[in-house]
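In what follows, a single structure is set out as structure tokens and then discussed.
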Amino acid sequence: VRLPDLTWIEAEALLTPERIVVLPLGAAVKEHGPHLLLGNDRIIADYLAGRVLAARPVAMLPTLTYGFYPAFLAYPGSVSLAADTQRDVVVQIVRSIARYGPRRFYVLNTGVSTARPLAAAVELLAAEGVLLRLSDVKVVGRSAEERVRQQEFGTHADEIETSMLLY
């Protein structure tokens, strides 16, 4: 269920220690070549969040649309948080929800540079007894990508990411 679609009373009943809470992470404003939208990662994160909701009984938070994307600041419209800021934002979001019961969280991560601040968040929260895991876009779906990819390499605004957005 999407948490924003609930009342606080409904959320209270749902947010148990057994519940897994998912936080999609996808940039709403980040360069993706001259052919893709700045919001490419947010679109993909929202799509993947819908697929997760259809497959698993999780509580879905709204997509976090800002993160650590320093390599893209040379391109107009791109926004990046400092690594520590992204870490702290994720930690604060998780702590906010964990106080109601959940102890297991998953960041549905669509970025590469976001992995380092997220790993730091994992460590901070583990010390508090909260389990945080995240997807690694360089690993998730690799076998499917290898079957269809025609270009030799790439990860950003490449053949695979362009195909994902077009889909």
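Convention: chains lettered A, B, ... in structure tokens order; per-chain residue numbering from 1; ligands numbered from 1 as shown.
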
For this session: Report as a ChimeraX atom specification: the residues of segment 40-100 of chain A with a DSSP assignment of alpha helix (DSSP H), based on the backbone of this structure.
Result: /A:40-55,83-98

Problem set entry | strand (DSSP E) per DSSP on the backbone: members of segment 45-165 of chain A, as a PyMOL selection string | chain A and resi 59-60+104-109+131-134

Using 9 Å as the limit and counting only C-alpha atoms, can you tabulate each residue of segment 58-154 of chain A that touches segment 7-15 of chain A, with its shortest atom-to-atom distance in Å and the two atoms involved, as JSON lines?
```
{"residue": "A:Ala59", "atom": "CA", "partner": "A:Leu15", "partner_atom": "CA", "distance": 7.7}
{"residue": "A:Ile97", "atom": "CA", "partner": "A:Leu15", "partner_atom": "CA", "distance": 7.9}
{"residue": "A:Ala98", "atom": "CA", "partner": "A:Leu15", "partner_atom": "CA", "distance": 8.4}
{"residue": "A:Tyr100", "atom": "CA", "partner": "A:Leu15", "partner_atom": "CA", "distance": 6.2}
{"residue": "A:Gly101", "atom": "CA", "partner": "A:Leu15", "partner_atom": "CA", "distance": 5.7}
{"residue": "A:Pro102", "atom": "CA", "partner": "A:Leu15", "partner_atom": "CA", "distance": 5.8}
```

Give me the residues of segment 13-100 of chain A that have any atom at most 9 Å from an atom of segment 125-137 of chain A; for each, the nearest atom pair and the distance in Å, rounded to one decimal. Use only C-alpha atoms, sort by chain and number, and format it as a Markdown table.
```
| residue | atom | partner | partner_atom | distance |
| --- | --- | --- | --- | --- |
| A:Val91 | CA | A:Leu125 | CA | 6.9 |
| A:Val94 | CA | A:Leu125 | CA | 8.3 |
| A:Arg95 | CA | A:Leu125 | CA | 8.1 |
| A:Ala98 | CA | A:Val130 | CA | 7.6 |
```

Dump as a compact mmCIF listing (two decimals), in the first residue's frame, selection limited to N, CA and C atoms:
```txt
# COMPACT_ATOMS: atom_id res chain seq x y z
N VAL A 91 18.27 8.60 6.55
CA VAL A 91 18.24 8.17 7.95
C VAL A 91 17.05 8.78 8.68
N VAL A 94 13.76 7.09 7.56
CA VAL A 94 13.65 5.75 8.14
C VAL A 94 13.36 5.84 9.64
N ARG A 95 14.08 6.69 10.35
CA ARG A 95 13.83 6.84 11.79
C ARG A 95 12.39 7.29 12.07
N ALA A 98 10.28 4.19 11.53
CA ALA A 98 10.65 3.11 12.47
C ALA A 98 10.06 3.34 13.86
```

Residues of segment 39-100 of chain A within 8 Å of segment 151-166 of chain A: nearest atom pair and distance (Å, one decimal) for each, counting only C-alpha atoms, sorted by chain and number, as JSON lines?
```
{"residue": "A:Asn40", "atom": "CA", "partner": "A:Leu165", "partner_atom": "CA", "distance": 6.8}
{"residue": "A:Ile43", "atom": "CA", "partner": "A:Leu165", "partner_atom": "CA", "distance": 7.5}
{"residue": "A:Ile44", "atom": "CA", "partner": "A:Leu165", "partner_atom": "CA", "distance": 6.7}
```

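Proximity of A:His35, A:Lys30, A:Arg42, A:Arg142 to Tyr75 of chain A, computed with only C-alpha atoms, is greatest for A:Lys30.
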
Exercise. From the set A:Gly50, A:Pro24, A:Pro76, A:Pro57, which residue has the shortest atom-to-atom contact distance to Gly111 of chain A, counting only C-alpha atoms?
Worked result: A:Pro24

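Atom pair atom CA of Ala55 of chain A / atom CA of Tyr106 of chain A: separated by 14.7 Å.
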
For this session: Would you kindly return, as a PyMOL selection string, each protein, DNA or RNA residue with an atom no farther than 12 Å from any atom of Asn109 of chain A, considering only C-alpha atoms and excluding same-chain residues fewer than 4 positions away?
Result: chain A and resi 22-27+41-42+44-46+48-49+63-68+90+113-119+133-140

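For the pair atom CA of Tyr47 of chain A and atom CA of Ile93 of chain A, the separation is 21.1 Å.
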
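If you look at atom CA of Arg56 of chain A and atom CA of Thr110 of chain A, they are 19.0 Å away from each other.
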
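Of the residues listed (A:Met60, A:Leu124, A:Val29, A:Ile20), A:Met60 shows the shortest atom-to-atom separation from Pro4 of chain A; distances use only C-alpha atoms.
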